[in-house]
$ cat input.pdb   # PDB, C-alpha atoms
ATOM      1  CA  ASP A   1     -15.599  -1.326  10.252  1.00  0.00           C
ATOM      2  CA  ALA A   2     -17.453  -4.651  10.232  1.00  0.00           C
ATOM      3  CA  GLY A   3     -19.923  -2.981   7.850  1.00  0.00           C
ATOM      4  CA  ILE A   4     -18.135  -4.267   4.774  1.00  0.00           C
ATOM      5  CA  THR A   5     -16.842  -7.794   4.643  1.00  0.00           C
ATOM      6  CA  GLN A   6     -15.104  -9.931   2.070  1.00  0.00           C
ATOM      7  CA  SER A   7     -14.856 -13.675   1.748  1.00  0.00           C
ATOM      8  CA  PRO A   8     -12.777 -15.658   1.495  1.00  0.00           C
ATOM      9  CA  ARG A   9      -9.829 -13.771   2.936  1.00  0.00           C
ATOM     10  CA  TYR A  10      -7.340 -16.103   1.280  1.00  0.00           C
ATOM     11  CA  LYS A  11      -7.803 -18.293  -1.756  1.00  0.00           C
ATOM     12  CA  ILE A  12      -5.513 -20.510  -3.771  1.00  0.00           C
ATOM     13  CA  THR A  13      -6.862 -21.767  -7.060  1.00  0.00           C
ATOM     14  CA  GLU A  14      -5.572 -23.354 -10.217  1.00  0.00           C
ATOM     15  CA  THR A  15      -5.315 -21.814 -13.640  1.00  0.00           C
ATOM     16  CA  GLY A  16      -8.539 -22.201 -15.569  1.00  0.00           C
ATOM     17  CA  ARG A  17     -10.823 -22.569 -12.581  1.00  0.00           C
ATOM     18  CA  GLN A  18     -13.722 -20.267 -11.865  1.00  0.00           C
ATOM     19  CA  VAL A  19     -13.581 -18.452  -8.552  1.00  0.00           C
ATOM     20  CA  THR A  20     -15.960 -15.987  -6.937  1.00  0.00           C
ATOM     21  CA  LEU A  21     -14.992 -13.382  -4.387  1.00  0.00           C
ATOM     22  CA  MET A  22     -17.776 -12.137  -2.183  1.00  0.00           C
ATOM     23  CA  CYS A  23     -18.378  -8.643  -0.875  1.00  0.00           C
ATOM     24  CA  HIS A  24     -21.134  -7.674   1.540  1.00  0.00           C
ATOM     25  CA  GLN A  25     -21.942  -4.299   3.093  1.00  0.00           C
ATOM     26  CA  THR A  26     -24.518  -3.458   5.713  1.00  0.00           C
ATOM     27  CA  TRP A  27     -24.772   0.304   5.180  1.00  0.00           C
ATOM     28  CA  SER A  28     -27.042   0.234   2.119  1.00  0.00           C
ATOM     29  CA  HIS A  29     -24.440   2.253   0.268  1.00  0.00           C
ATOM     30  CA  SER A  30     -25.417   2.850  -3.343  1.00  0.00           C
ATOM     31  CA  TYR A  31     -21.953   2.562  -4.812  1.00  0.00           C
ATOM     32  CA  MET A  32     -19.693  -0.448  -4.703  1.00  0.00           C
ATOM     33  CA  PHE A  33     -16.318  -1.079  -6.251  1.00  0.00           C
ATOM     34  CA  TRP A  34     -13.802  -3.814  -6.887  1.00  0.00           C
ATOM     35  CA  TYR A  35     -10.097  -3.016  -7.021  1.00  0.00           C
ATOM     36  CA  ARG A  36      -6.983  -5.070  -7.383  1.00  0.00           C
ATOM     37  CA  GLN A  37      -3.807  -4.062  -5.631  1.00  0.00           C
ATOM     38  CA  ASP A  38      -0.512  -4.938  -7.267  1.00  0.00           C
ATOM     39  CA  LEU A  39       3.009  -3.800  -6.547  1.00  0.00           C
ATOM     40  CA  GLY A  40       3.913  -0.962  -8.853  1.00  0.00           C
ATOM     41  CA  HIS A  41       0.353  -0.465 -10.017  1.00  0.00           C
ATOM     42  CA  GLY A  42      -1.368   0.647  -6.854  1.00  0.00           C
ATOM     43  CA  LEU A  43      -5.124   0.236  -6.803  1.00  0.00           C
ATOM     44  CA  ARG A  44      -6.805  -0.370 -10.117  1.00  0.00           C
ATOM     45  CA  LEU A  45     -10.544  -0.341 -10.573  1.00  0.00           C
ATOM     46  CA  ILE A  46     -11.971  -3.544 -12.025  1.00  0.00           C
ATOM     47  CA  TYR A  47     -15.718  -2.934 -11.919  1.00  0.00           C
ATOM     48  CA  TYR A  48     -18.083  -0.635 -10.132  1.00  0.00           C
ATOM     49  CA  SER A  49     -21.773  -0.353  -9.464  1.00  0.00           C
ATOM     50  CA  ALA A  50     -23.954   2.676  -8.855  1.00  0.00           C
ATOM     51  CA  ALA A  51     -26.960   0.692  -7.628  1.00  0.00           C
ATOM     52  CA  ALA A  52     -28.522  -2.733  -7.791  1.00  0.00           C
ATOM     53  CA  ASP A  53     -28.539  -4.062 -11.356  1.00  0.00           C
ATOM     54  CA  ILE A  54     -26.268  -1.222 -12.551  1.00  0.00           C
ATOM     55  CA  THR A  55     -22.657  -2.145 -13.150  1.00  0.00           C
ATOM     56  CA  ASP A  56     -19.895  -0.796 -15.341  1.00  0.00           C
ATOM     57  CA  LYS A  57     -16.339  -1.576 -16.313  1.00  0.00           C
ATOM     58  CA  GLY A  58     -13.383   0.046 -14.690  1.00  0.00           C
ATOM     59  CA  GLU A  59      -9.786   0.203 -15.804  1.00  0.00           C
ATOM     60  CA  VAL A  60      -8.986  -3.537 -15.874  1.00  0.00           C
ATOM     61  CA  PRO A  61     -12.214  -5.544 -16.393  1.00  0.00           C
ATOM     62  CA  ASP A  62     -10.965  -8.294 -18.712  1.00  0.00           C
ATOM     63  CA  GLY A  63     -11.421 -11.768 -17.268  1.00  0.00           C
ATOM     64  CA  TYR A  64     -13.815 -10.625 -14.557  1.00  0.00           C
ATOM     65  CA  VAL A  65     -17.581 -10.633 -14.222  1.00  0.00           C
ATOM     66  CA  VAL A  66     -19.727  -8.910 -11.609  1.00  0.00           C
ATOM     67  CA  SER A  67     -23.357  -8.839 -10.632  1.00  0.00           C
ATOM     68  CA  ARG A  68     -25.395  -6.860  -8.192  1.00  0.00           C
ATOM     69  CA  SER A  69     -28.851  -8.283  -7.692  1.00  0.00           C
ATOM     70  CA  LYS A  70     -29.042  -6.864  -4.151  1.00  0.00           C
ATOM     71  CA  THR A  71     -27.729  -3.540  -2.890  1.00  0.00           C
ATOM     72  CA  GLU A  72     -25.653  -5.168  -0.170  1.00  0.00           C
ATOM     73  CA  ASN A  73     -23.816  -7.752  -2.270  1.00  0.00           C
ATOM     74  CA  PHE A  74     -21.315  -7.305  -5.069  1.00  0.00           C
ATOM     75  CA  PRO A  75     -19.619 -10.586  -6.025  1.00  0.00           C
ATOM     76  CA  LEU A  76     -16.644 -10.677  -8.363  1.00  0.00           C
ATOM     77  CA  THR A  77     -16.132 -13.762 -10.510  1.00  0.00           C
ATOM     78  CA  LEU A  78     -12.998 -14.788 -12.321  1.00  0.00           C
ATOM     79  CA  GLU A  79     -14.405 -16.908 -15.106  1.00  0.00           C
ATOM     80  CA  SER A  80     -11.181 -18.770 -15.909  1.00  0.00           C
ATOM     81  CA  ALA A  81      -8.429 -17.762 -13.543  1.00  0.00           C
ATOM     82  CA  THR A  82      -4.987 -16.898 -14.892  1.00  0.00           C
ATOM     83  CA  ARG A  83      -1.710 -16.394 -13.062  1.00  0.00           C
ATOM     84  CA  SER A  84      -1.833 -12.693 -13.917  1.00  0.00           C
ATOM     85  CA  GLN A  85      -4.914 -12.449 -11.725  1.00  0.00           C
ATOM     86  CA  THR A  86      -2.882 -13.307  -8.642  1.00  0.00           C
ATOM     87  CA  SER A  87      -3.419 -10.207  -6.555  1.00  0.00           C
ATOM     88  CA  VAL A  88      -5.057  -8.707  -3.504  1.00  0.00           C
ATOM     89  CA  TYR A  89      -8.641  -7.751  -4.208  1.00  0.00           C
ATOM     90  CA  PHE A  90     -10.420  -4.997  -2.332  1.00  0.00           C
ATOM     91  CA  CYS A  91     -14.084  -4.254  -2.282  1.00  0.00           C
ATOM     92  CA  ALA A  92     -15.268  -0.782  -1.315  1.00  0.00           C
ATOM     93  CA  SER A  93     -18.534   1.058  -0.917  1.00  0.00           C
ATOM     94  CA  SER A  94     -19.550   4.686  -0.783  1.00  0.00           C
ATOM     95  CA  ALA A  95     -22.577   6.918  -0.592  1.00  0.00           C
ATOM     96  CA  VAL A  96     -23.534  10.487  -1.283  1.00  0.00           C
ATOM     97  CA  GLN A  97     -24.426  10.957   2.377  1.00  0.00           C
ATOM     98  CA  SER A  98     -20.831  10.312   3.433  1.00  0.00           C
ATOM     99  CA  GLY A  99     -19.346  12.566   0.782  1.00  0.00           C
ATOM    100  CA  TYR A 100     -18.431   9.609  -1.374  1.00  0.00           C
ATOM    101  CA  GLU A 101     -15.764   8.500   1.106  1.00  0.00           C
ATOM    102  CA  GLN A 102     -14.771   4.984   0.150  1.00  0.00           C
ATOM    103  CA  TYR A 103     -15.022   2.331   2.843  1.00  0.00           C
ATOM    104  CA  PHE A 104     -12.856  -0.657   2.150  1.00  0.00           C
ATOM    105  CA  GLY A 105     -13.171  -4.290   3.015  1.00  0.00           C
ATOM    106  CA  PRO A 106     -10.254  -6.234   4.490  1.00  0.00           C
ATOM    107  CA  GLY A 107      -9.178  -7.648   1.138  1.00  0.00           C
ATOM    108  CA  THR A 108      -8.912 -11.105  -0.400  1.00  0.00           C
ATOM    109  CA  ARG A 109      -5.495 -12.450  -1.251  1.00  0.00           C
ATOM    110  CA  LEU A 110      -5.883 -14.628  -4.330  1.00  0.00           C
ATOM    111  CA  THR A 111      -3.141 -16.863  -5.661  1.00  0.00           C
ATOM    112  CA  VAL A 112      -3.557 -18.583  -9.003  1.00  0.00           C
ATOM    113  CA  THR A 113      -1.149 -21.486  -9.497  1.00  0.00           C
TER     114      THR A 113
ATOM    115  CA  ALA B  25      -6.457  11.949 -19.458  1.00  0.00           C
ATOM    116  CA  GLN B  26      -7.367  11.527 -15.822  1.00  0.00           C
ATOM    117  CA  ARG B  27      -4.369  10.469 -13.850  1.00  0.00           C
ATOM    118  CA  VAL B  28      -2.836  10.546 -10.395  1.00  0.00           C
ATOM    119  CA  THR B  29       0.925  10.342 -10.132  1.00  0.00           C
ATOM    120  CA  GLN B  30       2.899   9.486  -7.027  1.00  0.00           C
ATOM    121  CA  PRO B  31       6.527   9.586  -8.106  1.00  0.00           C
ATOM    122  CA  GLU B  32       8.019   7.901  -5.054  1.00  0.00           C
ATOM    123  CA  LYS B  33       7.428   4.223  -4.430  1.00  0.00           C
ATOM    124  CA  LEU B  34       9.321   4.302  -1.174  1.00  0.00           C
ATOM    125  CA  LEU B  35      10.174   7.145   1.145  1.00  0.00           C
ATOM    126  CA  SER B  36      12.349   6.587   4.187  1.00  0.00           C
ATOM    127  CA  VAL B  37      12.790   9.269   6.825  1.00  0.00           C
ATOM    128  CA  PHE B  38      14.065   9.353  10.366  1.00  0.00           C
ATOM    129  CA  LYS B  39      11.754   9.860  13.283  1.00  0.00           C
ATOM    130  CA  GLY B  40      11.275  13.565  13.927  1.00  0.00           C
ATOM    131  CA  ALA B  41      12.176  14.566  10.388  1.00  0.00           C
ATOM    132  CA  PRO B  42       9.714  16.331   8.083  1.00  0.00           C
ATOM    133  CA  VAL B  43       7.773  14.253   5.583  1.00  0.00           C
ATOM    134  CA  GLU B  44       6.401  15.182   2.191  1.00  0.00           C
ATOM    135  CA  LEU B  45       4.653  12.632   0.006  1.00  0.00           C
ATOM    136  CA  LYS B  46       4.176  13.959  -3.486  1.00  0.00           C
ATOM    137  CA  CYS B  47       1.021  13.713  -5.549  1.00  0.00           C
ATOM    138  CA  ASN B  48       0.259  15.270  -8.910  1.00  0.00           C
ATOM    139  CA  TYR B  49      -2.929  14.907 -10.829  1.00  0.00           C
ATOM    140  CA  SER B  50      -4.372  15.447 -14.267  1.00  0.00           C
ATOM    141  CA  TYR B  51      -8.087  16.088 -14.560  1.00  0.00           C
ATOM    142  CA  SER B  52     -10.252  18.287 -16.737  1.00  0.00           C
ATOM    143  CA  GLY B  53     -12.685  19.740 -14.270  1.00  0.00           C
ATOM    144  CA  SER B  54     -12.865  20.339 -10.551  1.00  0.00           C
ATOM    145  CA  PRO B  55     -11.634  17.200  -8.843  1.00  0.00           C
ATOM    146  CA  GLU B  56     -11.815  16.307  -5.223  1.00  0.00           C
ATOM    147  CA  LEU B  57      -8.512  15.047  -3.867  1.00  0.00           C
ATOM    148  CA  PHE B  58      -7.962  12.576  -1.057  1.00  0.00           C
ATOM    149  CA  TRP B  59      -5.232  10.774   0.792  1.00  0.00           C
ATOM    150  CA  TYR B  60      -5.940   7.216   1.858  1.00  0.00           C
ATOM    151  CA  VAL B  61      -3.660   5.236   4.149  1.00  0.00           C
ATOM    152  CA  GLN B  62      -3.115   1.543   4.748  1.00  0.00           C
ATOM    153  CA  TYR B  63      -1.342   0.625   7.967  1.00  0.00           C
ATOM    154  CA  SER B  64       0.137  -2.823   8.330  1.00  0.00           C
ATOM    155  CA  ARG B  65      -2.588  -5.462   8.615  1.00  0.00           C
ATOM    156  CA  GLN B  66      -5.324  -2.843   8.504  1.00  0.00           C
ATOM    157  CA  ARG B  67      -7.799  -1.742   5.897  1.00  0.00           C
ATOM    158  CA  LEU B  68      -7.389   1.165   3.589  1.00  0.00           C
ATOM    159  CA  GLN B  69      -8.943   4.182   5.205  1.00  0.00           C
ATOM    160  CA  LEU B  70      -9.434   7.829   4.475  1.00  0.00           C
ATOM    161  CA  LEU B  71      -6.755  10.059   5.936  1.00  0.00           C
ATOM    162  CA  LEU B  72      -7.909  13.418   4.673  1.00  0.00           C
ATOM    163  CA  ARG B  73      -9.662  15.198   1.831  1.00  0.00           C
ATOM    164  CA  HIS B  74      -8.828  18.584   0.442  1.00  0.00           C
ATOM    165  CA  ILE B  75     -12.237  20.147   0.981  1.00  0.00           C
ATOM    166  CA  SER B  76     -12.023  19.528   4.718  1.00  0.00           C
ATOM    167  CA  ARG B  77      -8.804  21.481   5.071  1.00  0.00           C
ATOM    168  CA  GLU B  78      -8.101  19.751   8.364  1.00  0.00           C
ATOM    169  CA  SER B  79      -5.049  18.239   9.939  1.00  0.00           C
ATOM    170  CA  ILE B  80      -5.335  14.538  10.679  1.00  0.00           C
ATOM    171  CA  LYS B  81      -2.659  12.844  12.790  1.00  0.00           C
ATOM    172  CA  GLY B  82      -0.496  15.887  12.140  1.00  0.00           C
ATOM    173  CA  PHE B  83      -0.758  15.523   8.360  1.00  0.00           C
ATOM    174  CA  THR B  84      -1.905  18.311   6.086  1.00  0.00           C
ATOM    175  CA  ALA B  85      -2.326  18.565   2.341  1.00  0.00           C
ATOM    176  CA  ASP B  86      -3.006  21.646   0.266  1.00  0.00           C
ATOM    177  CA  LEU B  87      -4.522  21.526  -3.167  1.00  0.00           C
ATOM    178  CA  ASN B  88      -2.467  23.583  -5.591  1.00  0.00           C
ATOM    179  CA  LYS B  89      -4.500  23.923  -8.749  1.00  0.00           C
ATOM    180  CA  GLY B  90      -1.780  25.823 -10.546  1.00  0.00           C
ATOM    181  CA  GLU B  91       0.720  23.030 -10.075  1.00  0.00           C
ATOM    182  CA  THR B  92      -2.006  20.332 -10.039  1.00  0.00           C
ATOM    183  CA  SER B  93      -0.520  18.943  -6.869  1.00  0.00           C
ATOM    184  CA  PHE B  94      -1.798  17.663  -3.550  1.00  0.00           C
ATOM    185  CA  HIS B  95       1.280  16.846  -1.530  1.00  0.00           C
ATOM    186  CA  LEU B  96       0.921  15.326   1.936  1.00  0.00           C
ATOM    187  CA  LYS B  97       3.058  16.854   4.647  1.00  0.00           C
ATOM    188  CA  LYS B  98       3.910  16.334   8.267  1.00  0.00           C
ATOM    189  CA  PRO B  99       6.493  18.392  10.128  1.00  0.00           C
ATOM    190  CA  PHE B 100       7.729  15.633  12.451  1.00  0.00           C
ATOM    191  CA  ALA B 101       7.399  12.009  11.401  1.00  0.00           C
ATOM    192  CA  GLN B 102       6.521   9.339  13.948  1.00  0.00           C
ATOM    193  CA  GLU B 103       7.211   5.619  13.718  1.00  0.00           C
ATOM    194  CA  GLU B 104       3.485   4.915  13.681  1.00  0.00           C
ATOM    195  CA  ASP B 105       3.218   6.881  10.438  1.00  0.00           C
ATOM    196  CA  SER B 106       4.883   4.010   8.614  1.00  0.00           C
ATOM    197  CA  ALA B 107       2.285   2.839   6.099  1.00  0.00           C
ATOM    198  CA  MET B 108       1.252   2.810   2.469  1.00  0.00           C
ATOM    199  CA  TYR B 109      -0.202   6.106   1.316  1.00  0.00           C
ATOM    200  CA  TYR B 110      -2.418   6.534  -1.724  1.00  0.00           C
ATOM    201  CA  CYS B 111      -3.371   9.797  -3.320  1.00  0.00           C
ATOM    202  CA  ALA B 112      -6.750   9.652  -5.020  1.00  0.00           C
ATOM    203  CA  LEU B 113      -8.932  11.800  -7.206  1.00  0.00           C
ATOM    204  CA  ARG B 114     -12.685  11.690  -7.334  1.00  0.00           C
ATOM    205  CA  GLY B 115     -14.388  13.014 -10.451  1.00  0.00           C
ATOM    206  CA  THR B 116     -17.946  11.832  -9.996  1.00  0.00           C
ATOM    207  CA  TYR B 117     -18.361   8.926  -7.638  1.00  0.00           C
ATOM    208  CA  LYS B 118     -15.469   6.958  -9.092  1.00  0.00           C
ATOM    209  CA  TYR B 119     -11.959   7.253  -7.793  1.00  0.00           C
ATOM    210  CA  ILE B 120      -8.623   7.192  -9.539  1.00  0.00           C
ATOM    211  CA  PHE B 121      -5.824   6.098  -7.251  1.00  0.00           C
ATOM    212  CA  GLY B 122      -2.126   6.669  -7.606  1.00  0.00           C
ATOM    213  CA  THR B 123       0.365   3.856  -7.386  1.00  0.00           C
ATOM    214  CA  GLY B 124       1.065   4.554  -3.736  1.00  0.00           C
ATOM    215  CA  THR B 125       4.070   5.562  -1.664  1.00  0.00           C
ATOM    216  CA  ARG B 126       5.343   3.395   1.129  1.00  0.00           C
ATOM    217  CA  LEU B 127       6.541   5.552   3.995  1.00  0.00           C
ATOM    218  CA  LYS B 128       9.058   4.076   6.389  1.00  0.00           C
ATOM    219  CA  VAL B 129       9.886   6.047   9.478  1.00  0.00           C
ATOM    220  CA  LEU B 130      13.174   4.925  10.952  1.00  0.00           C
ATOM    221  CA  ALA B 131      13.944   5.073  14.658  1.00  0.00           C
TER     222      ALA B 131
END
$ encode --input "input.pdb" --output "structure tokens"
Amino acid sequence: DAGITQSPRYKITETGRQVTLMCHQTWSHSYMFWYRQDLGHGLRLIYYSAAADITDKGEVPDGYVVSRSKTENFPLTLESATRSQTSVYFCASSAVQSGYEQYFGPGTRLTVT
Amino acid sequence: AQRVTQPEKLLSVFKGAPVELKCNYSYSGSPELFWYVQYSRQRLQLLLRHISRESIKGFTADLNKGETSFHLKKPFAQEEDSAMYYCALRGTYKYIFGTGTRLKVLA
């Protein structure tokens, strides 16, 4: 599933720094999503996008910013990283044509020190 | 409120034993239910969806609207089934995931 990629795969940053996680998909899927995966909480939706220039908040959007100027890219920015944002972040995409099945990226493990 | 509940964080079974991973949901409407799986060092991937009514890797799941459940079952567990399993609900194009159940199949 090289169609959806995330970078970096691992990132260590300090509290207060800005960090951007990249997500790129090659399928031209309309929908893209950012989740964080935490023990005991499962997958929680941070932000999602239905198309280029259309984004909306998910369950846990505070402290995060997204943009989607191109269909294939959906970067997630932590404006001022906090230790509580230490997590594994997954990007996913889906499309009507595939019955809205979500295709996940490999994840980015972010540690905020 | 829209919610997916997976009551077990960890389920350990012996190889060859039956497996049932529980999932209950709350949704006002007609949801579509899924099971996603994450094997060690692999991506999350779709295991099965209720509308397909198929058996994947020996797993089946039946949607019970009366009990609002979508439990995942397999009659004989294999070691390669060890993974993290997420039950998910799709209302429109967004998903709501449960907290996940880690299945460990013991030799």
$ residues_near_point --input "input.pdb" --point "(7.5, 5.2, -5.5)" --cutoff "10 Å" --atoms "only C-alpha atoms" --output "list in words"
Gly40 of chain A; Thr29, Gln30, Pro31, Glu32, Lys33, Leu34, Leu35, Leu45, Lys46, Gly122, Thr123, Gly124, Thr125, Arg126 and Leu127 of chain B
$ closest_residue --input "input.pdb" --among "B:Trp59, B:Phe94, B:Phe83, B:Phe100" --to "chain A" --atoms "all atoms listed in the file"
B:Trp59
$ resolve_selection --input "input.pdb" --expression "the PyMOL selection byres ((chain A and resi 52) around 10)" --output "PyMOL selection string"
chain A and resi 30-32+49-51+53-55+67-74
$ resolve_selection --input "input.pdb" --expression "the ChimeraX specification (/A :<12) & /B" --output "PyMOL selection string"
chain B and resi 26-34+56-73+75-76+108-126
$ resolve_selection --input "input.pdb" --expression "the PyMOL selection byres ((chain A and resi 10-21) around 12)" --output "PyMOL selection string"
chain A and resi 5-9+22-24+34-36+63-67+73-91+105-113
$ atom_distance --input "input.pdb" --atom1 "CA of Ser106 in chain B" --atom2 "CA of Val129 in chain B"
5.5 Å
$ closest_residue --input "input.pdb" --among "B:Gly90, B:His95, B:Ala41, B:Asp105" --to "His74 in chain B" --atoms "all atoms listed in the file"
B:His95
$ closest_residue --input "input.pdb" --among "B:Asn88, B:Gln102, B:Ser79, B:Ser50" --to "Lys128 in chain B" --atoms "only C-alpha atoms"
B:Gln102
$ atom_distance --input "input.pdb" --atom1 "CA of Lys81 in chain B" --atom2 "CA of Asn48 in chain B"
22.0 Å
$ atom_distance --input "input.pdb" --atom1 "CA of Ala131 in chain B" --atom2 "CA of Pro42 in chain B"
13.7 Å
$ axis_aligned_box --input "input.pdb" --around "range 90-98 of chain B" --padding-each-side "4 Å" --output "AutoDock Vina command-line options"
--center_x 1.0 --center_y 20.6 --center_z -1.1 --size_x 13.9 --size_y 18.5 --size_z 26.8
$ build_atoms --input "input.pdb" --residues "range 100-108 of chain B" --atoms "all heavy atoms" --output "PDB file, in the frame of the given file"
ATOM      1  N   PHE B 100       6.877  16.520  11.651  1.00  0.00           N
ATOM      2  CA  PHE B 100       7.729  15.633  12.451  1.00  0.00           C
ATOM      3  C   PHE B 100       7.197  14.205  12.357  1.00  0.00           C
ATOM      4  O   PHE B 100       6.170  13.886  12.957  1.00  0.00           O
ATOM      5  CB  PHE B 100       7.752  16.078  13.922  1.00  0.00           C
ATOM      6  CG  PHE B 100       8.109  17.522  14.098  1.00  0.00           C
ATOM      7  CD1 PHE B 100       7.127  18.461  14.388  1.00  0.00           C
ATOM      8  CD2 PHE B 100       9.417  17.954  13.967  1.00  0.00           C
ATOM      9  CE1 PHE B 100       7.447  19.797  14.548  1.00  0.00           C
ATOM     10  CE2 PHE B 100       9.755  19.296  14.131  1.00  0.00           C
ATOM     11  CZ  PHE B 100       8.763  20.221  14.415  1.00  0.00           C
ATOM     12  N   ALA B 101       7.868  13.376  11.618  1.00  0.00           N
ATOM     13  CA  ALA B 101       7.399  12.009  11.401  1.00  0.00           C
ATOM     14  C   ALA B 101       7.499  11.166  12.671  1.00  0.00           C
ATOM     15  O   ALA B 101       8.446  11.325  13.464  1.00  0.00           O
ATOM     16  CB  ALA B 101       8.207  11.355  10.287  1.00  0.00           C
ATOM     17  N   GLN B 102       6.531  10.293  12.842  1.00  0.00           N
ATOM     18  CA  GLN B 102       6.521   9.339  13.948  1.00  0.00           C
ATOM     19  C   GLN B 102       6.599   7.927  13.385  1.00  0.00           C
ATOM     20  O   GLN B 102       6.181   7.667  12.245  1.00  0.00           O
ATOM     21  CB  GLN B 102       5.236   9.501  14.768  1.00  0.00           C
ATOM     22  CG  GLN B 102       5.027  10.891  15.335  1.00  0.00           C
ATOM     23  CD  GLN B 102       6.137  11.287  16.285  1.00  0.00           C
ATOM     24  OE1 GLN B 102       6.534  10.503  17.148  1.00  0.00           O
ATOM     25  NE2 GLN B 102       6.660  12.499  16.131  1.00  0.00           N
ATOM     26  N   GLU B 103       7.087   6.995  14.196  1.00  0.00           N
ATOM     27  CA  GLU B 103       7.211   5.619  13.718  1.00  0.00           C
ATOM     28  C   GLU B 103       5.860   5.042  13.311  1.00  0.00           C
ATOM     29  O   GLU B 103       5.778   4.261  12.363  1.00  0.00           O
ATOM     30  CB  GLU B 103       7.864   4.755  14.796  1.00  0.00           C
ATOM     31  CG  GLU B 103       9.343   5.047  14.984  1.00  0.00           C
ATOM     32  CD  GLU B 103       9.981   4.145  16.020  1.00  0.00           C
ATOM     33  OE1 GLU B 103      10.208   2.968  15.703  1.00  0.00           O
ATOM     34  OE2 GLU B 103      10.260   4.624  17.134  1.00  0.00           O
ATOM     35  N   GLU B 104       4.814   5.443  13.999  1.00  0.00           N
ATOM     36  CA  GLU B 104       3.485   4.915  13.681  1.00  0.00           C
ATOM     37  C   GLU B 104       2.926   5.451  12.369  1.00  0.00           C
ATOM     38  O   GLU B 104       1.861   5.025  11.920  1.00  0.00           O
ATOM     39  CB  GLU B 104       2.504   5.199  14.819  1.00  0.00           C
ATOM     40  CG  GLU B 104       2.375   6.655  15.208  1.00  0.00           C
ATOM     41  CD  GLU B 104       3.292   7.019  16.375  1.00  0.00           C
ATOM     42  OE1 GLU B 104       4.366   6.401  16.536  1.00  0.00           O
ATOM     43  OE2 GLU B 104       2.912   7.953  17.120  1.00  0.00           O
ATOM     44  N   ASP B 105       3.632   6.386  11.751  1.00  0.00           N
ATOM     45  CA  ASP B 105       3.218   6.881  10.438  1.00  0.00           C
ATOM     46  C   ASP B 105       3.631   5.939   9.317  1.00  0.00           C
ATOM     47  O   ASP B 105       3.200   6.109   8.171  1.00  0.00           O
ATOM     48  CB  ASP B 105       3.823   8.260  10.162  1.00  0.00           C
ATOM     49  CG  ASP B 105       3.320   9.316  11.132  1.00  0.00           C
ATOM     50  OD1 ASP B 105       2.169   9.209  11.584  1.00  0.00           O
ATOM     51  OD2 ASP B 105       4.109  10.238  11.447  1.00  0.00           O
ATOM     52  N   SER B 106       4.459   4.964   9.638  1.00  0.00           N
ATOM     53  CA  SER B 106       4.883   4.010   8.614  1.00  0.00           C
ATOM     54  C   SER B 106       3.660   3.291   8.048  1.00  0.00           C
ATOM     55  O   SER B 106       2.890   2.678   8.785  1.00  0.00           O
ATOM     56  CB  SER B 106       5.857   2.987   9.216  1.00  0.00           C
ATOM     57  OG  SER B 106       7.056   3.613   9.616  1.00  0.00           O
ATOM     58  N   ALA B 107       3.489   3.379   6.746  1.00  0.00           N
ATOM     59  CA  ALA B 107       2.285   2.839   6.099  1.00  0.00           C
ATOM     60  C   ALA B 107       2.403   3.045   4.599  1.00  0.00           C
ATOM     61  O   ALA B 107       3.351   3.657   4.104  1.00  0.00           O
ATOM     62  CB  ALA B 107       1.021   3.529   6.625  1.00  0.00           C
ATOM     63  N   MET B 108       1.382   2.575   3.906  1.00  0.00           N
ATOM     64  CA  MET B 108       1.252   2.810   2.469  1.00  0.00           C
ATOM     65  C   MET B 108       0.257   3.943   2.290  1.00  0.00           C
ATOM     66  O   MET B 108      -0.840   3.897   2.863  1.00  0.00           O
ATOM     67  CB  MET B 108       0.747   1.548   1.790  1.00  0.00           C
ATOM     68  CG  MET B 108       0.811   1.574   0.279  1.00  0.00           C
ATOM     69  SD  MET B 108       2.518   1.396  -0.273  1.00  0.00           S
ATOM     70  CE  MET B 108       2.248   1.294  -2.033  1.00  0.00           C
TER      71      MET B 108
END
